[in-house]
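Structure first, then comments.
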Amino acid sequence: MGSDKPQQVRAMFARIAHRYDLMNRLMTGGQDLRWRRRAIQRCGLRPGARLLDVGTGTGDLAAEALRQCPGALVVGCDFTLPMMHRGRQKPGRARIRWVAGDALRLPFPDATFDAVVTGFVMRNVADPDQAFREQARVTRPSGRVVCLEAVRPPLRWWLPFYRLYFHRLVPLLGALIAGDEEAYAYLSRSVAGFFTLEELAAAMARAGLRVQEVQTFMGGTVGLIVGVRP
Ligand SMILES: C[S@@+](CC[C@H](N)C(=O)[O-])C[C@H]1O[C@@H](n2cnc3c(N)ncnc32)[C@H](O)[C@@H]1O
């Protein structure tokens, strides 16, 4: 994707919105639910806390936040309206505040939120450094920025099997279930061309956040990074 990456990303997620959640469950064997629970736990929410879920998509992280902390104010922000429309139709999403907006220019004043979370978004933005800067800007001092993301995996003996699964089977699954092989081929390519976990943590640090904790899932192919705004 070149300079029109945002338009392409938006069009792609609009195309697959109707099958997005099902594909997540199938691709990860349901593990993504556990990673989401962990990501929200790390946001450290208390009743009355304000959480922003950037690139909320169908709102799975936002919904998990309200499940863990019913007294929180949870805002989901995304630039693909069909993803949010899909999410709004799901049960238990009535209390999410859905906001259309760009992760690179968040439509919120400085220090608005106690925590900001992203799930599988940073790979898709044109400028990850700018996205982290924006997340840091809208987080209050001592608030948390939590990033859950698929990263370029470490070198391991099982890498050929991972590649076979991710680069061959996942696009096939995308063709069969979502009717869109290209979108899921993009998913594999976007991970292959993205940061390692260490590089992603370094990008967070460049935005002025103090990296407090790093966890990995699925053999290091998915990472969770917790940053604190000084
Ligand atoms: C892979 S989905 C993740 C959705 C959700 N966070 C989850 O955990 O399932 C990526 C989402 O990021 C959104 N996105 C990508 N770039 C964005 C940007 N610059 N501004 C706002 N949303 C963006 C896409 O529209 C899409 O809904």
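By convention here, the chains of the structure tokens are called A, B, ... in the order presented, each chain's residues are numbered starting at 1, and ligands are numbered starting at 1 in the order presented.
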
Distance limit 7 Å, reference ligand 1, atoms considered: only C-alpha atoms and all ligand atoms. Which residues make the cut? Give them as a list in words.
Pro6, Val9, Arg10, Phe13, Val54, Gly55, Thr56, Gly57, Thr58, Gly59, Asp60, Leu61, Cys77, Asp78, Phe79, Thr80, Met83, Gly101, Asp102, Ala103, Leu104, Thr118, Gly119, Phe120, Val121, Asn124, Val125 and Ala126 of chain A

Among range 8-209 of chain A, which ones does DSSP place in strand (DSSP E), written as an MDAnalysis selection string?
chainID A and resid 50:54 73:78 97:100 113:119 139:150

Could you find all residues in range 1-214 of chain A that DSSP calls alpha helix (DSSP H) from the backbone, and write them as a PyMOL selection string?
chain A and resi 5-16+20-28+31-41+60-68+81-88+128-138+159-163+170-173+181-192+197-206

Find the spatial neighbours of Gly227 in chain A, counting only C-alpha atoms, within a cut-off of 7 Å - ignore same-chain residues fewer than 2 positions away - and output them as a PDB file with N, CA and C atoms, in the first residue's frame.
ATOM      1  N   ARG A 144      -2.589   5.155  31.117  1.00  0.00           N
ATOM      2  CA  ARG A 144      -1.940   4.068  30.377  1.00  0.00           C
ATOM      3  C   ARG A 144      -2.309   4.045  28.904  1.00  0.00           C
ATOM      4  N   VAL A 145      -1.329   3.627  28.102  1.00  0.00           N
ATOM      5  CA  VAL A 145      -1.561   3.356  26.677  1.00  0.00           C
ATOM      6  C   VAL A 145      -1.232   1.882  26.466  1.00  0.00           C
ATOM      7  N   VAL A 146      -2.236   1.115  26.062  1.00  0.00           N
ATOM      8  CA  VAL A 146      -2.081  -0.335  25.951  1.00  0.00           C
ATOM      9  C   VAL A 146      -2.245  -0.748  24.498  1.00  0.00           C
ATOM     10  N   LEU A 209       6.204   7.733  25.862  1.00  0.00           N
ATOM     11  CA  LEU A 209       5.571   6.871  26.861  1.00  0.00           C
ATOM     12  C   LEU A 209       6.622   5.986  27.519  1.00  0.00           C
ATOM     13  N   ARG A 210       6.422   5.702  28.793  1.00  0.00           N
ATOM     14  CA  ARG A 210       7.333   4.806  29.512  1.00  0.00           C
ATOM     15  C   ARG A 210       6.794   3.387  29.386  1.00  0.00           C
ATOM     16  N   VAL A 211       7.570   2.521  28.727  1.00  0.00           N
ATOM     17  CA  VAL A 211       7.103   1.141  28.534  1.00  0.00           C
ATOM     18  C   VAL A 211       7.237   0.400  29.857  1.00  0.00           C
ATOM     19  N   GLN A 212       6.089  -0.069  30.366  1.00  0.00           N
ATOM     20  CA  GLN A 212       6.055  -0.641  31.707  1.00  0.00           C
ATOM     21  C   GLN A 212       6.043  -2.163  31.684  1.00  0.00           C
ATOM     22  N   ILE A 225       1.736  -4.521  24.839  1.00  0.00           N
ATOM     23  CA  ILE A 225       2.685  -3.567  25.418  1.00  0.00           C
ATOM     24  C   ILE A 225       1.899  -2.534  26.227  1.00  0.00           C
ATOM     25  N   ARG A 229       1.938   7.254  30.493  1.00  0.00           N
ATOM     26  CA  ARG A 229       2.296   8.642  30.159  1.00  0.00           C
ATOM     27  C   ARG A 229       2.916   9.300  31.396  1.00  0.00           C
TER      28      ARG A 229
END

What's the separation between CA of Ala183 in chain A and CA of Ala11 in chain A, in Å to one decimal place?
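Taking CA of Ala183 in chain A and CA of Ala11 in chain A, their separation equals 9.9 Å.
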
Quick one: everything within 9 Å of Val151 in chain A, counting only C-alpha atoms, minus sequence neighbours fewer than 5 positions away in the same chain. Send it as a list in words.
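Near neighbours after the sequence-gap exclusion: Arg123, Val191, Ala192, Phe194, Phe195, Thr196, Leu197, Leu200, Gly220, Thr221, Val222 and Gly223 of chain A.
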
Using only C-alpha atoms, what does the table of range 9-92 of chain A residues within 10 Å of range 213-217 of chain A look like, with each row giving the shortest atom pair and its distance in Å to one decimal, sorted by chain and ascending number, as a Markdown table?
| residue | atom | partner | partner_atom | distance |
| --- | --- | --- | --- | --- |
| A:Gln31 | CA | A:Phe217 | CA | 9.1 |
| A:Asp32 | CA | A:Phe217 | CA | 9.6 |
| A:Arg34 | CA | A:Phe217 | CA | 9.8 |
| A:Trp35 | CA | A:Phe217 | CA | 7.8 |
| A:Arg38 | CA | A:Gln215 | CA | 9.8 |
| A:Ala39 | CA | A:Gln215 | CA | 9.9 |
| A:Arg42 | CA | A:Glu213 | CA | 9.2 |

Next, dump the selected residues to file, keeping only C-alpha atoms, as an mmCIF file, in the first residue's frame.
data_model
loop_
_atom_site.group_PDB
_atom_site.id
_atom_site.type_symbol
_atom_site.label_atom_id
_atom_site.label_comp_id
_atom_site.auth_asym_id
_atom_site.auth_seq_id
_atom_site.Cartn_x
_atom_site.Cartn_y
_atom_site.Cartn_z
ATOM 1 C CA GLN A 31 -7.653 -17.048 21.707
ATOM 2 C CA ASP A 32 -8.174 -13.409 20.751
ATOM 3 C CA ARG A 34 -8.302 -14.071 26.089
ATOM 4 C CA TRP A 35 -5.820 -11.509 24.711
ATOM 5 C CA ARG A 38 -5.731 -9.289 29.277
ATOM 6 C CA ALA A 39 -5.359 -6.002 27.354
ATOM 7 C CA ARG A 42 -3.875 -3.830 31.894
#
